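Here is the file protein-v5.pdb (PDB, C-alpha atoms).
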ATOM      1  CA  MET A 204     180.601   0.805 -45.185  1.00  0.00           C
ATOM      2  CA  ASP A 205     180.088  -2.453 -43.342  1.00  0.00           C
ATOM      3  CA  ASN A 206     182.390  -3.654 -40.554  1.00  0.00           C
ATOM      4  CA  ARG A 207     184.224  -6.185 -42.738  1.00  0.00           C
ATOM      5  CA  GLN A 208     185.255  -3.512 -45.217  1.00  0.00           C
ATOM      6  CA  ALA A 209     186.404  -1.137 -42.451  1.00  0.00           C
ATOM      7  CA  LEU A 210     188.385  -3.909 -40.752  1.00  0.00           C
ATOM      8  CA  GLY A 211     189.898  -5.030 -44.052  1.00  0.00           C
ATOM      9  CA  SER A 212     191.089  -1.523 -44.910  1.00  0.00           C
ATOM     10  CA  TRP A 213     192.653  -1.204 -41.470  1.00  0.00           C
ATOM     11  CA  LEU A 214     194.528  -4.507 -41.821  1.00  0.00           C
ATOM     12  CA  SER A 215     195.851  -3.834 -45.313  1.00  0.00           C
ATOM     13  CA  GLY A 216     197.188  -0.404 -44.416  1.00  0.00           C
ATOM     14  CA  PRO A 217     196.857   3.119 -45.741  1.00  0.00           C
ATOM     15  CA  ARG A 218     198.446   2.385 -49.126  1.00  0.00           C
ATOM     16  CA  ALA A 219     195.866  -0.261 -50.009  1.00  0.00           C
ATOM     17  CA  ALA A 220     193.046   1.972 -48.805  1.00  0.00           C
ATOM     18  CA  MET A 221     194.288   4.883 -50.937  1.00  0.00           C
ATOM     19  CA  GLU A 222     194.787   2.625 -53.967  1.00  0.00           C
ATOM     20  CA  GLY A 223     191.213   1.433 -53.483  1.00  0.00           C
ATOM     21  CA  ASP A 224     190.127   5.072 -53.732  1.00  0.00           C
ATOM     22  CA  GLY A 225     191.962   5.467 -57.046  1.00  0.00           C
ATOM     23  CA  ALA A 226     195.439   6.727 -56.052  1.00  0.00           C
ATOM     24  CA  ASP A 227     198.262   5.466 -58.293  1.00  0.00           C
ATOM     25  CA  PHE A 228     201.574   5.014 -56.492  1.00  0.00           C
ATOM     26  CA  GLY A 229     203.264   3.045 -59.257  1.00  0.00           C
ATOM     27  CA  TYR A 230     206.020   0.548 -58.655  1.00  0.00           C
ATOM     28  CA  ARG A 231     209.058   0.822 -56.392  1.00  0.00           C
ATOM     29  CA  GLY A 232     211.630   3.080 -58.007  1.00  0.00           C
ATOM     30  CA  LYS A 233     209.271   4.808 -60.442  1.00  0.00           C
ATOM     31  CA  GLN A 234     209.911   8.205 -58.841  1.00  0.00           C
ATOM     32  CA  LEU A 235     213.649   7.570 -59.109  1.00  0.00           C
ATOM     33  CA  GLY A 236     213.487   6.773 -62.825  1.00  0.00           C
ATOM     34  CA  LEU A 237     214.436   3.122 -62.352  1.00  0.00           C
ATOM     35  CA  PRO A 238     212.914   0.168 -64.233  1.00  0.00           C
ATOM     36  CA  GLU A 239     210.198  -1.938 -62.641  1.00  0.00           C
ATOM     37  CA  ASP A 240     211.926  -5.327 -63.065  1.00  0.00           C
ATOM     38  CA  GLY A 241     215.298  -6.733 -64.005  1.00  0.00           C
ATOM     39  CA  PRO A 242     218.750  -5.182 -63.765  1.00  0.00           C
ATOM     40  CA  GLY A 243     218.748  -1.646 -62.392  1.00  0.00           C
ATOM     41  CA  SER A 244     215.461  -2.049 -60.525  1.00  0.00           C
ATOM     42  CA  VAL A 245     215.177  -1.407 -56.792  1.00  0.00           C
ATOM     43  CA  ALA A 246     216.301  -4.426 -54.759  1.00  0.00           C
ATOM     44  CA  ARG A 247     213.628  -6.281 -52.826  1.00  0.00           C
ATOM     45  CA  PRO A 248     213.818  -6.422 -49.018  1.00  0.00           C
ATOM     46  CA  GLY A 249     214.485 -10.177 -48.913  1.00  0.00           C
ATOM     47  CA  ARG A 250     217.648  -9.908 -50.982  1.00  0.00           C
ATOM     48  CA  ARG A 251     218.818  -6.884 -49.038  1.00  0.00           C
ATOM     49  CA  ILE A 252     218.383  -8.640 -45.696  1.00  0.00           C
ATOM     50  CA  GLY A 253     220.039 -11.774 -47.084  1.00  0.00           C
ATOM     51  CA  ALA A 254     223.065  -9.760 -48.235  1.00  0.00           C
ATOM     52  CA  LEU A 255     223.256  -8.096 -44.829  1.00  0.00           C
ATOM     53  CA  ALA A 256     223.167 -11.513 -43.135  1.00  0.00           C
ATOM     54  CA  VAL A 257     225.980 -12.822 -45.356  1.00  0.00           C
ATOM     55  CA  ASP A 258     228.129  -9.757 -44.663  1.00  0.00           C
ATOM     56  CA  TRP A 259     227.422  -9.873 -40.925  1.00  0.00           C
ATOM     57  CA  GLY A 260     228.238 -13.600 -40.804  1.00  0.00           C
ATOM     58  CA  LEU A 261     231.504 -13.033 -42.646  1.00  0.00           C
ATOM     59  CA  CYS A 262     232.459 -10.207 -40.285  1.00  0.00           C
ATOM     60  CA  PHE A 263     231.500 -12.337 -37.283  1.00  0.00           C
ATOM     61  CA  LEU A 264     233.749 -15.175 -38.470  1.00  0.00           C
ATOM     62  CA  ILE A 265     236.642 -12.760 -38.929  1.00  0.00           C
ATOM     63  CA  ALA A 266     236.102 -11.240 -35.465  1.00  0.00           C
ATOM     64  CA  TYR A 267     235.634 -14.624 -33.780  1.00  0.00           C
ATOM     65  CA  GLY A 268     238.476 -16.432 -35.500  1.00  0.00           C
ATOM     66  CA  LEU A 269     241.120 -13.774 -35.928  1.00  0.00           C
ATOM     67  CA  VAL A 270     240.573 -11.090 -33.305  1.00  0.00           C
ATOM     68  CA  THR A 271     238.994 -12.483 -30.120  1.00  0.00           C
ATOM     69  CA  ARG A 272     239.473 -16.221 -30.807  1.00  0.00           C
ATOM     70  CA  GLY A 273     236.142 -16.816 -29.045  1.00  0.00           C
ATOM     71  CA  TYR A 274     237.352 -15.901 -25.558  1.00  0.00           C
ATOM     72  CA  ASP A 275     235.096 -12.884 -25.028  1.00  0.00           C
ATOM     73  CA  PRO A 276     231.598 -12.964 -26.605  1.00  0.00           C
ATOM     74  CA  GLY A 277     230.941  -9.285 -25.814  1.00  0.00           C
ATOM     75  CA  ALA A 278     234.128  -8.179 -27.503  1.00  0.00           C
ATOM     76  CA  THR A 279     233.341 -10.403 -30.490  1.00  0.00           C
ATOM     77  CA  GLY A 280     230.110  -8.484 -31.092  1.00  0.00           C
ATOM     78  CA  ASN A 281     231.872  -5.127 -30.902  1.00  0.00           C
ATOM     79  CA  TRP A 282     234.642  -6.252 -33.229  1.00  0.00           C
ATOM     80  CA  THR A 283     232.040  -7.647 -35.631  1.00  0.00           C
ATOM     81  CA  LEU A 284     230.372  -4.239 -35.869  1.00  0.00           C
ATOM     82  CA  LEU A 285     233.716  -2.489 -36.413  1.00  0.00           C
ATOM     83  CA  ILE A 286     234.785  -4.964 -39.111  1.00  0.00           C
ATOM     84  CA  PHE A 287     231.366  -4.657 -40.774  1.00  0.00           C
ATOM     85  CA  PHE A 288     231.709  -0.868 -40.817  1.00  0.00           C
ATOM     86  CA  VAL A 289     235.209  -0.980 -42.335  1.00  0.00           C
ATOM     87  CA  LEU A 290     234.176  -3.622 -44.892  1.00  0.00           C
ATOM     88  CA  SER A 291     231.146  -1.580 -45.888  1.00  0.00           C
ATOM     89  CA  VAL A 292     233.022   1.717 -46.277  1.00  0.00           C
ATOM     90  CA  LEU A 293     235.906   0.213 -48.230  1.00  0.00           C
ATOM     91  CA  THR A 294     233.918  -1.982 -50.594  1.00  0.00           C
ATOM     92  CA  LEU A 295     230.994   0.371 -51.260  1.00  0.00           C
ATOM     93  CA  GLY A 296     233.327   3.307 -51.795  1.00  0.00           C
ATOM     94  CA  THR A 297     235.432   1.428 -54.351  1.00  0.00           C
ATOM     95  CA  VAL A 298     233.406  -1.220 -56.208  1.00  0.00           C
ATOM     96  CA  GLY A 299     229.839  -0.432 -55.068  1.00  0.00           C
ATOM     97  CA  PHE A 300     229.004  -3.705 -53.335  1.00  0.00           C
ATOM     98  CA  THR A 301     229.985  -5.831 -50.366  1.00  0.00           C
ATOM     99  CA  PRO A 302     230.651  -9.580 -50.665  1.00  0.00           C
ATOM    100  CA  GLY A 303     227.083 -10.364 -49.579  1.00  0.00           C
ATOM    101  CA  LYS A 304     225.606  -7.899 -52.056  1.00  0.00           C
ATOM    102  CA  ARG A 305     227.732  -9.333 -54.867  1.00  0.00           C
ATOM    103  CA  LEU A 306     226.693 -12.871 -53.959  1.00  0.00           C
ATOM    104  CA  LEU A 307     223.013 -11.890 -54.141  1.00  0.00           C
ATOM    105  CA  ARG A 308     223.552  -9.729 -57.252  1.00  0.00           C
ATOM    106  CA  LEU A 309     222.968  -6.317 -55.684  1.00  0.00           C
ATOM    107  CA  ARG A 310     224.798  -3.019 -56.039  1.00  0.00           C
ATOM    108  CA  VAL A 311     224.610   0.368 -54.319  1.00  0.00           C
ATOM    109  CA  VAL A 312     224.550   3.326 -56.713  1.00  0.00           C
ATOM    110  CA  GLU A 313     224.309   7.071 -56.294  1.00  0.00           C
ATOM    111  CA  LEU A 314     221.213   8.518 -57.933  1.00  0.00           C
ATOM    112  CA  GLY A 315     222.980  11.136 -60.038  1.00  0.00           C
ATOM    113  CA  THR A 316     226.209   9.474 -61.113  1.00  0.00           C
ATOM    114  CA  GLY A 317     225.679   5.730 -60.759  1.00  0.00           C
ATOM    115  CA  ARG A 318     228.795   5.305 -58.583  1.00  0.00           C
ATOM    116  CA  VAL A 319     229.098   5.757 -54.844  1.00  0.00           C
ATOM    117  CA  SER A 320     231.730   8.220 -53.685  1.00  0.00           C
ATOM    118  CA  PRO A 321     233.796   7.274 -50.617  1.00  0.00           C
ATOM    119  CA  LEU A 322     232.193  10.091 -48.618  1.00  0.00           C
ATOM    120  CA  ARG A 323     228.676   8.834 -49.392  1.00  0.00           C
ATOM    121  CA  ALA A 324     229.780   5.288 -48.569  1.00  0.00           C
ATOM    122  CA  LEU A 325     231.055   6.537 -45.205  1.00  0.00           C
ATOM    123  CA  LEU A 326     227.786   8.363 -44.438  1.00  0.00           C
ATOM    124  CA  ARG A 327     225.670   5.378 -45.529  1.00  0.00           C
ATOM    125  CA  SER A 328     227.754   2.960 -43.443  1.00  0.00           C
ATOM    126  CA  VAL A 329     227.601   5.109 -40.303  1.00  0.00           C
ATOM    127  CA  LEU A 330     223.830   5.352 -40.588  1.00  0.00           C
ATOM    128  CA  LEU A 331     223.504   1.634 -41.333  1.00  0.00           C
ATOM    129  CA  CYS A 332     225.528   0.742 -38.227  1.00  0.00           C
ATOM    130  CA  LEU A 333     223.186   2.906 -36.137  1.00  0.00           C
ATOM    131  CA  ALA A 334     220.396   0.522 -37.333  1.00  0.00           C
ATOM    132  CA  ILE A 335     217.442   2.887 -36.749  1.00  0.00           C
ATOM    133  CA  PRO A 336     217.774   4.733 -40.099  1.00  0.00           C
ATOM    134  CA  ALA A 337     217.867   1.399 -41.927  1.00  0.00           C
ATOM    135  CA  LEU A 338     214.550   0.380 -40.375  1.00  0.00           C
ATOM    136  CA  ILE A 339     212.664   3.442 -41.664  1.00  0.00           C
ATOM    137  CA  TRP A 340     211.700   2.889 -45.318  1.00  0.00           C
ATOM    138  CA  ASP A 341     210.047   5.094 -47.900  1.00  0.00           C
ATOM    139  CA  ARG A 342     207.594   4.244 -50.664  1.00  0.00           C
ATOM    140  CA  ASP A 343     210.409   3.235 -53.031  1.00  0.00           C
ATOM    141  CA  GLY A 344     211.838   0.730 -50.548  1.00  0.00           C
ATOM    142  CA  ARG A 345     214.873   2.821 -49.633  1.00  0.00           C
ATOM    143  CA  GLY A 346     215.947   3.085 -46.032  1.00  0.00           C
ATOM    144  CA  LEU A 347     216.571   6.430 -44.399  1.00  0.00           C
ATOM    145  CA  HIS A 348     220.305   5.720 -44.620  1.00  0.00           C
ATOM    146  CA  ASP A 349     219.972   5.477 -48.421  1.00  0.00           C
ATOM    147  CA  ARG A 350     217.833   8.612 -48.660  1.00  0.00           C
ATOM    148  CA  LEU A 351     220.286  10.712 -46.643  1.00  0.00           C
ATOM    149  CA  ALA A 352     223.268   9.421 -48.642  1.00  0.00           C
ATOM    150  CA  ARG A 353     221.286   9.823 -51.905  1.00  0.00           C
ATOM    151  CA  THR A 354     221.920   6.203 -52.877  1.00  0.00           C
ATOM    152  CA  VAL A 355     219.744   3.269 -53.856  1.00  0.00           C
ATOM    153  CA  GLU A 356     220.375  -0.464 -53.786  1.00  0.00           C
ATOM    154  CA  VAL A 357     219.610  -2.015 -57.173  1.00  0.00           C
ATOM    155  CA  ARG A 358     219.722  -5.432 -58.781  1.00  0.00           C
ATOM    156  CA  ILE A 359     222.642  -6.291 -61.077  1.00  0.00           C
TER     157      ILE A 359
END
Could you render the structure from this file as structure tokens?
Amino acid sequence: MDNRQALGSWLSGPRAAMEGDGADFGYRGKQLGLPEDGPGSVARPGRRIGALAVDWGLCFLIAYGLVTRGYDPGATGNWTLLIFFVLSVLTLGTVGFTPGKRLLRLRVVELGTGRVSPLRALLRSVLLCLAIPALIWDRDGRGLHDRLARTVEVRI
């Protein structure tokens, strides 16, 4: 193995190196029984982050305009997190998506039933607000918060 090949395998990561050796990981969601593309497939990270940004912006506007009226920036951030948590629990537990997810055509579903129970929505939202579980992803593109709640975010 020459130095360029060793450096290239290091830069592309362990998945690319294993695929080069013949390992077949498949597409995101294959292990979950989801389609590769189209409705019902695992949502891509860009859409998920975009939906999160829309929801956070909406919650920030509510906190800034209705609760703190812009007088205390520290309190605005805390109220934004609380409003985001409540919005997430209520909307995911009833209709399966937040306003940002609906805008970007995403939905959260439970793996077994296809609907998210309020208890799973509560667990997922708590873990999402902690932020660390959402930053740890598996091979299927699900965050730790989704794995622990046994949910997956799919395209509509």
*Write out as a list of chain:residue names which residues come within 12 Å of A:Thr294 when counting only C-alpha atoms, dropping same-chain ones fewer than 5 positions away.*
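Once the nearby chain positions are removed, what remains is A:Asp258, A:Ile286, A:Phe287, A:Phe288, A:Val289, A:Gly299, A:Phe300, A:Thr301, A:Pro302, A:Gly303, A:Lys304, A:Arg305, A:Arg310, A:Val311, A:Arg318, A:Val319, A:Ser320, A:Pro321, A:Ala324, A:Leu325, A:Ser328.
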Create the file for the chosen residues now, containing C-alpha atoms and written as a short mmCIF file (atom, residue, chain, number, x, y, z; two decimals), in the frame of the given file.
data_model
loop_
_atom_site.label_atom_id
_atom_site.label_comp_id
_atom_site.auth_asym_id
_atom_site.auth_seq_id
_atom_site.Cartn_x
_atom_site.Cartn_y
_atom_site.Cartn_z
CA ASP A 258 228.13 -9.76 -44.66
CA ILE A 286 234.78 -4.96 -39.11
CA PHE A 287 231.37 -4.66 -40.77
CA PHE A 288 231.71 -0.87 -40.82
CA VAL A 289 235.21 -0.98 -42.34
CA GLY A 299 229.84 -0.43 -55.07
CA PHE A 300 229.00 -3.70 -53.34
CA THR A 301 229.98 -5.83 -50.37
CA PRO A 302 230.65 -9.58 -50.66
CA GLY A 303 227.08 -10.36 -49.58
CA LYS A 304 225.61 -7.90 -52.06
CA ARG A 305 227.73 -9.33 -54.87
CA ARG A 310 224.80 -3.02 -56.04
CA VAL A 311 224.61 0.37 -54.32
CA ARG A 318 228.80 5.30 -58.58
CA VAL A 319 229.10 5.76 -54.84
CA SER A 320 231.73 8.22 -53.68
CA PRO A 321 233.80 7.27 -50.62
CA ALA A 324 229.78 5.29 -48.57
CA LEU A 325 231.06 6.54 -45.20
CA SER A 328 227.75 2.96 -43.44
#
*Apply the PyMOL selection byres ((chain A and resi 245) around 8) to the structure shown and report the selected residues as a list in words.*
Arg231, Gly232, Leu237, Pro238, Glu239, Gly243, Ser244, Ala246, Arg247, Asp343, Gly344, Val355, Glu356, Val357 and Arg358 of chain A
Might I get the box with edges along x, y and z of the file that holds all atoms of stretch 255-271 of chain A listed there, padded by 5 Å on every side, given as centre and edge lengths in Å to one decimal, as AutoDock Vina command-line options?
--center_x 232.1 --center_y -12.3 --center_z -37.7 --size_x 28.0 --size_y 18.3 --size_z 25.2
*For the atom pair atom CA of A:Thr271 and atom CA of A:Leu255, what is the interatomic distance in Å to one decimal place?*
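Computed distance, atom CA of A:Thr271 to atom CA of A:Leu255, equals 22.0 Å.
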*asked:* Evaluated on this file, the PyMOL selection byres ((chain A and resi 283) around 8) picks out some residues - which ones are they, written as a list in words?
replied: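 This file, filtered by the PyMOL selection byres ((chain A and resi 283) around 8), leaves Trp259, Cys262, Phe263, Ile265, Ala266, Thr279, Gly280, Asn281, Trp282, Leu284, Leu285, Ile286 and Phe287 of chain A.
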*Would you mind telling me which residue in A:Leu351, A:Ile335, A:Ile359, A:Leu314 lies nearest to A:Gly236 when using all atoms listed in the file?*
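Ranked by minimum distance to A:Gly236, first place goes to A:Leu314.
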*For each of A:Val298, A:Leu235, A:Leu264, A:Ile252, take the minimum atom-to-atom distance to A:Arg350, counting all atoms listed in the file, then give the residue where this is smallest.*
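Once distances to A:Arg350 are computed over all atoms listed in the file, the minimum belongs to A:Leu235.
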*Residues in the PyMOL selection byres ((chain A and resi 330) around 12), expressed as number ranges by chain*: A: 288, 291-292, 323-329, 331-339, 346-352
*Could you check how far atom CA of A:Gly317 sits from atom CA of A:Arg342, in Å to one decimal?*
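Rounded to one decimal, the two atoms are 20.8 Å apart.
Ranking A:Val257, A:Gly229, A:Leu309, A:Arg272 by their shortest atom-to-atom distance to A:Gly241, with only C-alpha atoms included, puts A:Leu309 first.
You can rank A:Leu290, A:Ala278, A:Leu307, A:Val270 by their closest distance to A:Arg250 using only C-alpha atoms, and at the top of that list sits A:Leu307.
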_When you count all atoms listed in the file, which of these residues is closest to A:Pro248: A:Leu295, A:Thr354, A:Trp340, A:Tyr274?_
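The closest residue to A:Pro248 is A:Trp340.
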